[in-house]
Number of protein chains: 4
Amino acid sequence: MTETTDETRRSIGARRNPASADAIREAAEAVLLEAGYAGFSIEAVARRARAGKPTIYRWWPSKAALLIDVYQRQKRVDNPDTGNLEDDLAQFLQSLFQHWRETPAGSIFRSVIAEAQTDEAAATALTEYAHNRRAHTGRMVARAIERGEVRADVEPTVVADLVASYAWVHLLTGRITEDEATTRVAIRAIVHGILAAPTG
Amino acid sequence: MTETTDETRRSIGARRNPASADAIREAAEAVLLEAGYAGFSIEAVARRARAGKPTIYRWWPSKAALLIDVYQRQKRVDNPDTGNLEDDLAQFLQSLFQHWRETPAGSIFRSVIAEAQTDEAAATALTEYAHNRRAHTGRMVARAIERGEVRADVEPTVVADLVASYAWVHLLTGRITEDEATTRVAIRAIVHGILAAPTG
Amino acid sequence: MTETTDETRRSIGARRNPASADAIREAAEAVLLEAGYAGFSIEAVARRARAGKPTIYRWWPSKAALLIDVYQRQKRVDNPDTGNLEDDLAQFLQSLFQHWRETPAGSIFRSVIAEAQTDEAAATALTEYAHNRRAHTGRMVARAIERGEVRADVEPTVVADLVASYAWVHLLTGRITEDEATTRVAIRAIVHGILAAPTG
Amino acid sequence: MTETTDETRRSIGARRNPASADAIREAAEAVLLEAGYAGFSIEAVARRARAGKPTIYRWWPSKAALLIDVYQRQKRVDNPDTGNLEDDLAQFLQSLFQHWRETPAGSIFRSVIAEAQTDEAAATALTEYAHNRRAHTGRMVARAIERGEVRADVEPTVVADLVASYAWVHLLTGRITEDEATTRVAIRAIVHGILAAPTG
DNA sequence: TATTAAGCGAGACGGTACGTCTCGTCTTAGA
DNA sequence: TCTAAGACGAGACGTACCGTCTCGCTTAATA
C-alpha cells in the first residue's frame, strides 16, 4: 500500500501511465477493504484514485477484471513441507485462514467469488485460478505419494479440491476464525478416513 | 411454477394477500431462472408479478430476504439410506448436483451465496441454513456410526461440512456436471482416507 | 380546534359519525397549519385523525373537497360600515390581512388557490366562492352609491374584484404584513383615481 | 417549440450540453401545455425529452426551478405607449390576457404560482419576478406622471400592483377570456376613481 | 523542431434500479 | 351500514452507479 501521493497525475505520452494504474489498483484494494464488496464501485475507485472513469475502463473492461487484477496482486500462501501430509495440510489451512483474516485477500477473494456468479469473465478467471491453485496445493499430496505416505492411485487434485472447498466455504460463511484443532479434525478425516475398520 | 393468472389482484382487507405473495415469489423465481442473479432486481420482479414495489418491500425488507424466501421454497434433496456410507454420500452428492442442474434451485442458491457476500441478513440466513443442512446431512454419518461402520469419535457435522463444501464450490465454479465416478473419488477419500498404510 | 379526544371512534351504526367528520376536519386544519400545503396529504390527515382513508374518501371525494370544506369552516371577515368608502375598504383589507396572518385561514386559502390550479372541482368551488365574496364585498360599494358617495354607474363587483385581487395576490406572494398606510394608498387609487385633473 | 430532433444526444465533454438543456426545457413546456400542472413531473419531462432524470436534477434542483426556468423563457408582453394612461393599461391588460390564452405562458404562470405555495425557491423567484414586473408595468404610469396626466405623488408600482393583481386573479380563476369592455371598466376605476364628486 | 497520437483528469450524458412516499381503491372485522 | 385498519397496484420522488462520450491538457515518438 505504497500510497503514491502524486498531487496530480497527468498523461506521460501515448502510453499507459503506471502511476495511474497503481493508484487505481491501490484505491480498489482500499475501497474493498474499507467498504467491502458492497461499496466497491468503479465510481468509488475512480474517486479515491483521483482518476477518470474512462482511465479505468480503458485498462480493465469491467469491475470483475479490476477485482481479479487486485486479487492477483495478493500474496499467496506457501505450501508447508513437514514430511507429514496431515501436518502439511493442517498448517496450510491455518496459514490460509490467517492470511484471509489479516490481509485484504480474504475480503477480495470473497468478492471475486461473488462477482463470478454474475460476470462471465470473472467466472472464467476464477475457474482458471482455482484450477491452478488445486495443482499447486496438490503438490503437497504428490510429495506424500512420492515418499510412500499416500497411496499411488490417489489423485492429488481431488484432495486439494476437498481442502480448498472446505476453506472457501468457511470464508464465504464467515468461519475463518476457527482454531487449528477444529480444522485438523477435517483434515484428519480426509487423510485417515473415518471408517472404524481400516481399509486394505 | 403454477402460473396464477389472476387478471387483477386487489387488497383483501387489512391483511396480507397470499395471492400477491405467491405471485411475487413465483415472479422472483422466474426472473432468477431467466435473467440470472445479474438481472434479479426488485423492479424486475414487481414488473413481472404485476405488483407494486411497496408491496414487495412491505413483506421482504431487502432483495436478500426475497431471495432467501424463494430459496426456502425449493425442494430439498433427501438423504439416501443404503446401509453403506460411501454409497449414501455419493448418491447424495449426485442427487444434489442433479437437483441443482435440473431445477432453479442451483441458480437460486448461487445467488443467495453471492448476496450473502454483500448483505448482512443474507449472510446470517445462509449461516443458519448451512448449519441446519450440515446437521441434516450429518445424520447419514450418524447412522453409519450407530451401525459400527464409522468410528464413534467422528463428528458427523464435520464430515457433512466437507461434503457440502465440495458441493458448494462445484456449484460456484460451474462444476456440477461431473459424473458419479468423479464425485465418488472425493467421497472415497473422506470415507476411507488416502493413506497407504491403514490407520489403527 | 375543540380537540375531540375520543380514544377510539367506532361506527355509530348505519350513518355518518359526526365525531369522525369533525376529527377529520380538525386534523386537516392542523396538518395544514403545521406542515403547510406541501405536507397536506390524505394519508397525513387520516393518520392524525386516527381515521381510515376510506372514511375520508367516503365523505370528501378528493383532497380539494376536504380543503374547501375546511376553508368554508373558517370565520369570514365582516364588512365595516363607517359611512366612508375609503375607510371601509381600507379597514376591510387590514382586517383581512390580519385574519390571514393570525388564523389558519390564510394558509388554507393559499392552498385552495393552489389546488384549484390542478383540480377541477377546487377550481369550480373557488370560482363560486370568489363570486360570492365579490358580491358580499361589493355591498360596501353599493352602500356608498346609495348614499351618493359613489357614482351610480359604478359596478360594485368590479370594485370588489379589484380590492380582492389585490388582497389575494398579496397573500400568494407573502405580502400580507403590510401596514395600513401602504394598503390605503392602493385603496385611495381605486376610490379617488390617480388623475391630476379631476374627471367630471 | 423548435423541435430539436437529434436522434441521440451524448455528452459533449465535461460541460453542460445545451442541446440536452434545450430538449428538457422544451419537453417541460410541452408536458405543461398538454398535461397541465397536474401531469407535470420530472419523470414525464425526462421521458419526453429522452433525457435521464439525473441530467435534469443536475441542472435544476427541483421541479420549481425547472418550472421557473421554463417560465423565464416565455415572451413578455410589452407596455403600450399611446399617450393616454387608460388606453395604455387597458391595452396592456388585453394583450396580457391574449398572451396567456394563446401561448403556454398562461398555463406555465399558473403553475409557478401554485408551486410557489409549496416550494420556497419558487416563492422567492416569484416574489422577485413580480417585483420586477411591477417596476416594468409602473413605467406606463411614470410616463403619465411625466406628461402631467397623473398626479406626481402617485406611486407607479402601486398602480402596477393593482393592475397586475387583477390580471393574476383572473388567470387563477379562469377569467382571462373577458373582453376589452369589461377590463376597461376596472382600469377606469383605477385611473379616474369612482367618486361621484371629483377630488381636488 | 514541429506534428501527431494517445493517455490523462474531469465530468456530463442516457439509462436503470434503488427504497420511500402518497395516491385512490378494496376488503375485512367489529360496533 | 358505518368505522378503523391497512393491504393493494400504480407511479413519482430524488440518489447512486452504470458504461460511454467528449473535452482540454500533457507528453513522447515520429517526421
# chains A, B, ... in the order shown; residues from 1 in each chain; ligands from 1

call {"tool": "closest_atom_pairs", "arguments": {"of": "chain A", "to": "chain E", "cutoff": "12 Å", "atoms": "only C-alpha atoms (C1' of nucleotides)", "output": "tab-separated table"}}
result
residue	atom	partner	partner_atom	distance
A:Thr8	CA	E:DG9	C1'	8.7
A:Arg9	CA	E:DC8	C1'	7.4
A:Arg10	CA	E:DC8	C1'	4.9
A:Ser11	CA	E:DC8	C1'	4.2
A:Ile12	CA	E:DG7	C1'	7.0
A:Gly13	CA	E:DG7	C1'	6.1
A:Ala14	CA	E:DA6	C1'	4.0
A:Arg15	CA	E:DG7	C1'	5.9
A:Arg16	CA	E:DG7	C1'	6.3
A:Asn17	CA	E:DG7	C1'	7.4
A:Pro18	CA	E:DG7	C1'	11.0
A:Ala19	CA	E:DC8	C1'	11.1
A:Ser20	CA	E:DC8	C1'	8.8
A:Ala21	CA	E:DC8	C1'	11.4
A:Glu43	CA	E:DG11	C1'	11.8
A:Ala46	CA	E:DG9	C1'	10.3
A:Arg47	CA	E:DA10	C1'	10.8
A:Ala49	CA	E:DG9	C1'	10.8
A:Arg50	CA	E:DG9	C1'	7.8
A:Ala51	CA	E:DG9	C1'	6.2
A:Gly52	CA	E:DG9	C1'	5.5
A:Lys53	CA	E:DA10	C1'	9.0
A:Pro54	CA	E:DC8	C1'	9.5
A:Thr55	CA	E:DC8	C1'	7.4
A:Ile56	CA	E:DC8	C1'	11.0
A:Arg58	CA	E:DG7	C1'	9.6
A:Trp59	CA	E:DG7	C1'	11.0

call {"tool": "residues_around", "arguments": {"residues": "stretch 112-121 of chain D", "least_positions_apart": "6", "cutoff": "12 Å", "atoms": "only C-alpha atoms (C1' of nucleotides)", "output": "JSON, numbers by chain"}}
result
{"C": [32, 35, 36, 37, 38, 39, 40, 106, 107, 108, 109, 110, 111, 112, 113, 114, 115, 116, 117, 118, 119, 168, 169, 171, 172, 173, 174], "D": [32, 36, 37, 38, 40, 60, 61, 62, 63, 64, 65, 66, 67, 68, 69, 70, 71, 72, 105, 106, 127, 128, 129, 130, 168, 169, 171, 172]}

call {"tool": "calpha_fit_and_write", "arguments": {"fixed": "chain D", "moving": "chain A", "output": "mmCIF file with C-alpha atoms, in the first residue's frame"}}
result
data_model
loop_
_atom_site.group_PDB
_atom_site.id
_atom_site.type_symbol
_atom_site.label_atom_id
_atom_site.label_comp_id
_atom_site.auth_asym_id
_atom_site.auth_seq_id
_atom_site.Cartn_x
_atom_site.Cartn_y
_atom_site.Cartn_z
ATOM 1 C CA MET A 1 -40.580 24.891 -30.080
ATOM 2 C CA THR A 2 -37.736 24.025 -32.422
ATOM 3 C CA GLU A 3 -38.143 20.269 -32.045
ATOM 4 C CA THR A 4 -34.489 19.173 -31.797
ATOM 5 C CA THR A 5 -34.899 15.689 -33.195
ATOM 6 C CA ASP A 6 -31.464 14.368 -32.387
ATOM 7 C CA GLU A 7 -31.807 10.625 -32.482
ATOM 8 C CA THR A 8 -29.518 10.216 -29.494
ATOM 9 C CA ARG A 9 -27.907 12.856 -27.407
ATOM 10 C CA ARG A 10 -24.672 11.957 -25.704
ATOM 11 C CA SER A 11 -22.212 13.704 -23.518
ATOM 12 C CA ILE A 12 -20.135 16.318 -25.331
ATOM 13 C CA GLY A 13 -17.365 16.110 -22.806
ATOM 14 C CA ALA A 14 -16.961 17.550 -19.366
ATOM 15 C CA ARG A 15 -19.458 20.330 -19.841
ATOM 16 C CA ARG A 16 -23.132 20.880 -20.153
ATOM 17 C CA ASN A 17 -24.742 19.744 -23.360
ATOM 18 C CA PRO A 18 -26.940 22.616 -24.539
ATOM 19 C CA ALA A 19 -28.921 20.254 -26.728
ATOM 20 C CA SER A 20 -29.968 18.333 -23.645
ATOM 21 C CA ALA A 21 -30.807 21.471 -21.730
ATOM 22 C CA ASP A 22 -32.932 22.715 -24.607
ATOM 23 C CA ALA A 23 -34.623 19.381 -25.074
ATOM 24 C CA ILE A 24 -35.514 19.352 -21.391
ATOM 25 C CA ARG A 25 -36.869 22.888 -21.416
ATOM 26 C CA GLU A 26 -38.902 22.164 -24.499
ATOM 27 C CA ALA A 27 -40.205 18.922 -23.097
ATOM 28 C CA ALA A 28 -41.163 20.706 -19.887
ATOM 29 C CA GLU A 29 -43.054 23.314 -21.826
ATOM 30 C CA ALA A 30 -44.783 20.695 -23.943
ATOM 31 C CA VAL A 31 -45.771 18.594 -20.942
ATOM 32 C CA LEU A 32 -47.106 21.654 -19.183
ATOM 33 C CA LEU A 33 -49.106 22.648 -22.208
ATOM 34 C CA GLU A 34 -50.538 19.222 -22.891
ATOM 35 C CA ALA A 35 -51.015 17.733 -19.449
ATOM 36 C CA GLY A 36 -51.093 20.895 -17.373
ATOM 37 C CA TYR A 37 -49.486 21.459 -14.024
ATOM 38 C CA ALA A 38 -51.166 18.316 -12.699
ATOM 39 C CA GLY A 39 -49.278 16.165 -15.179
ATOM 40 C CA PHE A 40 -46.038 18.035 -14.830
ATOM 41 C CA SER A 41 -43.514 15.731 -13.210
ATOM 42 C CA ILE A 42 -39.778 15.373 -13.571
ATOM 43 C CA GLU A 43 -40.337 11.822 -14.739
ATOM 44 C CA ALA A 44 -42.710 12.959 -17.460
ATOM 45 C CA VAL A 45 -40.289 15.619 -18.631
ATOM 46 C CA ALA A 46 -37.367 13.186 -18.610
ATOM 47 C CA ARG A 47 -39.408 10.650 -20.550
ATOM 48 C CA ARG A 48 -40.454 13.173 -23.136
ATOM 49 C CA ALA A 49 -36.997 14.701 -23.485
ATOM 50 C CA ARG A 50 -35.420 11.251 -23.621
ATOM 51 C CA ALA A 51 -33.169 12.482 -20.851
ATOM 52 C CA GLY A 52 -32.026 10.855 -17.645
ATOM 53 C CA LYS A 53 -33.545 12.189 -14.455
ATOM 54 C CA PRO A 54 -30.128 13.013 -12.970
ATOM 55 C CA THR A 55 -29.417 15.202 -15.988
ATOM 56 C CA ILE A 56 -32.409 17.279 -15.024
ATOM 57 C CA TYR A 57 -31.580 17.358 -11.339
ATOM 58 C CA ARG A 58 -27.992 18.270 -12.161
ATOM 59 C CA TRP A 59 -29.052 21.565 -13.668
ATOM 60 C CA TRP A 60 -32.389 22.313 -12.026
ATOM 61 C CA PRO A 61 -32.431 21.526 -8.329
ATOM 62 C CA SER A 62 -36.190 21.150 -8.189
ATOM 63 C CA LYS A 63 -39.385 21.051 -10.149
ATOM 64 C CA ALA A 64 -39.856 24.676 -9.236
ATOM 65 C CA ALA A 65 -36.506 25.677 -10.702
ATOM 66 C CA LEU A 66 -37.337 24.055 -14.011
ATOM 67 C CA LEU A 67 -40.743 25.642 -13.992
ATOM 68 C CA ILE A 68 -39.298 29.079 -13.422
ATOM 69 C CA ASP A 69 -36.664 28.562 -16.058
ATOM 70 C CA VAL A 70 -39.327 27.620 -18.551
ATOM 71 C CA TYR A 71 -41.356 30.613 -17.531
ATOM 72 C CA GLN A 72 -38.406 32.951 -17.956
ATOM 73 C CA ARG A 73 -38.082 31.820 -21.570
ATOM 74 C CA GLN A 74 -41.558 33.059 -22.354
ATOM 75 C CA LYS A 75 -42.005 36.273 -24.274
ATOM 76 C CA ARG A 76 -43.154 39.199 -22.144
ATOM 77 C CA VAL A 77 -45.940 41.555 -23.054
ATOM 78 C CA ASP A 78 -44.707 44.987 -23.962
ATOM 79 C CA ASN A 79 -46.015 48.215 -22.485
ATOM 80 C CA PRO A 80 -48.031 50.241 -24.956
ATOM 81 C CA ASP A 81 -47.475 53.961 -25.139
ATOM 82 C CA THR A 82 -50.511 55.737 -26.565
ATOM 83 C CA GLY A 83 -50.139 58.995 -24.630
ATOM 84 C CA ASN A 84 -53.187 58.127 -22.550
ATOM 85 C CA LEU A 85 -52.829 56.045 -19.385
ATOM 86 C CA GLU A 86 -56.265 54.468 -19.455
ATOM 87 C CA ASP A 87 -55.694 53.290 -22.991
ATOM 88 C CA ASP A 88 -52.192 52.089 -22.148
ATOM 89 C CA LEU A 89 -53.375 50.014 -19.190
ATOM 90 C CA ALA A 90 -56.450 48.660 -20.955
ATOM 91 C CA GLN A 91 -54.395 47.661 -23.948
ATOM 92 C CA PHE A 92 -51.733 46.130 -21.713
ATOM 93 C CA LEU A 93 -54.317 44.029 -19.908
ATOM 94 C CA GLN A 94 -55.891 42.836 -23.142
ATOM 95 C CA SER A 95 -52.490 41.954 -24.591
ATOM 96 C CA LEU A 96 -51.606 40.070 -21.432
ATOM 97 C CA PHE A 97 -54.832 38.086 -21.453
ATOM 98 C CA GLN A 98 -54.374 37.321 -25.117
ATOM 99 C CA HIS A 99 -50.784 36.221 -24.505
ATOM 100 C CA TRP A 100 -51.908 33.956 -21.670
ATOM 101 C CA ARG A 101 -54.697 32.519 -23.794
ATOM 102 C CA GLU A 102 -52.715 31.877 -26.933
ATOM 103 C CA THR A 103 -49.331 30.726 -25.694
ATOM 104 C CA PRO A 104 -48.199 28.285 -23.016
ATOM 105 C CA ALA A 105 -47.284 31.288 -20.872
ATOM 106 C CA GLY A 106 -50.607 31.398 -19.063
ATOM 107 C CA SER A 107 -50.535 27.734 -18.182
ATOM 108 C CA ILE A 108 -46.919 28.013 -17.071
ATOM 109 C CA PHE A 109 -47.466 31.094 -14.965
ATOM 110 C CA ARG A 110 -50.412 29.518 -13.154
ATOM 111 C CA SER A 111 -48.117 26.591 -12.383
ATOM 112 C CA VAL A 112 -45.394 28.843 -11.047
ATOM 113 C CA ILE A 113 -47.837 30.549 -8.702
ATOM 114 C CA ALA A 114 -49.182 27.183 -7.525
ATOM 115 C CA GLU A 115 -45.681 25.826 -7.046
ATOM 116 C CA ALA A 116 -44.720 28.929 -5.068
ATOM 117 C CA GLN A 117 -47.326 27.993 -2.464
ATOM 118 C CA THR A 118 -45.342 24.832 -1.773
ATOM 119 C CA ASP A 119 -41.784 25.528 -2.726
ATOM 120 C CA GLU A 120 -39.654 28.175 -1.042
ATOM 121 C CA ALA A 121 -37.400 28.739 -4.040
ATOM 122 C CA ALA A 122 -40.352 29.175 -6.346
ATOM 123 C CA ALA A 123 -41.836 31.637 -3.860
ATOM 124 C CA THR A 124 -38.660 33.702 -3.829
ATOM 125 C CA ALA A 125 -38.366 33.636 -7.594
ATOM 126 C CA LEU A 126 -41.989 34.620 -7.963
ATOM 127 C CA THR A 127 -41.601 37.480 -5.499
ATOM 128 C CA GLU A 128 -38.623 38.806 -7.357
ATOM 129 C CA TYR A 129 -40.292 38.381 -10.711
ATOM 130 C CA ALA A 130 -43.430 40.131 -9.517
ATOM 131 C CA HIS A 131 -41.341 42.972 -8.155
ATOM 132 C CA ASN A 132 -39.603 43.458 -11.500
ATOM 133 C CA ARG A 133 -42.809 43.278 -13.431
ATOM 134 C CA ARG A 134 -44.422 45.895 -11.185
ATOM 135 C CA ALA A 135 -41.473 48.175 -11.873
ATOM 136 C CA HIS A 136 -41.786 47.550 -15.581
ATOM 137 C CA THR A 137 -45.536 47.999 -15.719
ATOM 138 C CA GLY A 138 -45.169 51.024 -13.448
ATOM 139 C CA ARG A 139 -43.266 52.816 -16.196
ATOM 140 C CA MET A 140 -46.561 53.385 -17.991
ATOM 141 C CA VAL A 141 -47.753 55.265 -14.929
ATOM 142 C CA ALA A 142 -44.429 57.087 -14.549
ATOM 143 C CA ARG A 143 -44.741 58.337 -18.099
ATOM 144 C CA ALA A 144 -48.240 59.571 -17.319
ATOM 145 C CA ILE A 145 -46.888 61.442 -14.315
ATOM 146 C CA GLU A 146 -44.131 62.957 -16.432
ATOM 147 C CA ARG A 147 -46.620 64.281 -18.924
ATOM 148 C CA GLY A 148 -48.756 65.670 -16.111
ATOM 149 C CA GLU A 149 -51.618 63.260 -16.684
ATOM 150 C CA VAL A 150 -51.297 61.670 -13.277
ATOM 151 C CA ARG A 151 -50.642 63.275 -9.896
ATOM 152 C CA ALA A 152 -46.996 63.377 -8.910
ATOM 153 C CA ASP A 153 -47.598 61.810 -5.503
ATOM 154 C CA VAL A 154 -48.916 58.591 -7.035
ATOM 155 C CA GLU A 155 -46.640 55.631 -6.557
ATOM 156 C CA PRO A 156 -46.393 53.905 -9.988
ATOM 157 C CA THR A 157 -45.731 50.458 -8.522
ATOM 158 C CA VAL A 158 -48.907 50.587 -6.432
ATOM 159 C CA VAL A 159 -50.949 51.145 -9.554
ATOM 160 C CA ALA A 160 -49.012 48.407 -11.303
ATOM 161 C CA ASP A 161 -49.729 46.150 -8.332
ATOM 162 C CA LEU A 162 -53.460 46.780 -8.667
ATOM 163 C CA VAL A 163 -53.463 46.078 -12.375
ATOM 164 C CA ALA A 164 -51.240 43.012 -12.102
ATOM 165 C CA SER A 165 -53.238 41.601 -9.206
ATOM 166 C CA TYR A 166 -56.405 41.960 -11.236
ATOM 167 C CA ALA A 167 -54.744 40.088 -14.086
ATOM 168 C CA TRP A 168 -53.254 37.319 -11.912
ATOM 169 C CA VAL A 169 -56.506 36.579 -10.145
ATOM 170 C CA HIS A 170 -58.351 36.448 -13.439
ATOM 171 C CA LEU A 171 -55.758 33.970 -14.662
ATOM 172 C CA LEU A 172 -56.045 31.875 -11.508
ATOM 173 C CA THR A 173 -59.835 31.791 -11.630
ATOM 174 C CA GLY A 174 -60.229 31.105 -15.334
ATOM 175 C CA ARG A 175 -61.391 34.571 -16.315
ATOM 176 C CA ILE A 176 -58.895 35.629 -18.970
ATOM 177 C CA THR A 177 -61.461 35.459 -21.756
ATOM 178 C CA GLU A 178 -63.092 38.720 -20.788
ATOM 179 C CA ASP A 179 -63.421 41.342 -23.496
ATOM 180 C CA GLU A 180 -61.929 44.802 -23.537
ATOM 181 C CA ALA A 181 -65.100 46.517 -22.336
ATOM 182 C CA THR A 182 -65.059 44.557 -19.096
ATOM 183 C CA THR A 183 -61.405 45.035 -18.317
ATOM 184 C CA ARG A 184 -61.612 48.695 -19.227
ATOM 185 C CA VAL A 185 -64.235 49.225 -16.526
ATOM 186 C CA ALA A 186 -61.729 48.042 -13.926
ATOM 187 C CA ILE A 187 -58.951 50.142 -15.388
ATOM 188 C CA ARG A 188 -61.176 53.213 -15.442
ATOM 189 C CA ALA A 189 -61.923 52.773 -11.734
ATOM 190 C CA ILE A 190 -58.222 52.873 -10.967
ATOM 191 C CA VAL A 191 -57.472 55.774 -13.243
ATOM 192 C CA HIS A 192 -60.511 57.957 -12.653
ATOM 193 C CA GLY A 193 -61.659 56.695 -9.292
ATOM 194 C CA ILE A 194 -65.284 56.003 -8.559
ATOM 195 C CA LEU A 195 -66.396 58.946 -6.514
ATOM 196 C CA ALA A 196 -69.464 60.951 -7.510
ATOM 197 C CA ALA A 197 -67.896 64.298 -6.605
ATOM 198 C CA PRO A 198 -64.382 64.659 -7.988
ATOM 199 C CA THR A 199 -61.573 64.895 -5.467
ATOM 200 C CA GLY A 200 -59.425 67.962 -5.395
#

call {"tool": "atom_distance", "arguments": {"atom1": "atom C1' of E:DT20", "atom2": "atom C1' of F:DC17"}}
result
19.2 Å

call {"tool": "closest_atom_pairs", "arguments": {"of": "chain F", "to": "chain C", "cutoff": "10 Å", "atoms": "only C-alpha atoms (C1' of nucleotides)", "output": "JSON lines"}}
result
{"residue": "F:DT1", "atom": "C1'", "partner": "C:Ala14", "partner_atom": "CA", "distance": 3.8}
{"residue": "F:DC2", "atom": "C1'", "partner": "C:Ser11", "partner_atom": "CA", "distance": 5.0}
{"residue": "F:DT3", "atom": "C1'", "partner": "C:Ser11", "partner_atom": "CA", "distance": 4.1}
{"residue": "F:DA4", "atom": "C1'", "partner": "C:Gly52", "partner_atom": "CA", "distance": 5.3}
{"residue": "F:DA5", "atom": "C1'", "partner": "C:Gly52", "partner_atom": "CA", "distance": 6.4}
{"residue": "F:DG6", "atom": "C1'", "partner": "C:Gly52", "partner_atom": "CA", "distance": 8.5}

call {"tool": "write_last_selection", "arguments": {"atoms": "C-alpha atoms (C1' of nucleotides)", "output": "CSV table (one decimal), in the first residue's frame"}}
result
chain,number,residue,atom,x,y,z
F,1,DT,C1',-74.1,0.1,7.3
F,2,DC,C1',-70.6,2.8,9.0
F,3,DT,C1',-65.9,2.6,11.3
F,4,DA,C1',-60.7,1.9,11.8
F,5,DA,C1',-57.3,-0.5,9.7
F,6,DG,C1',-54.3,-1.4,6.4
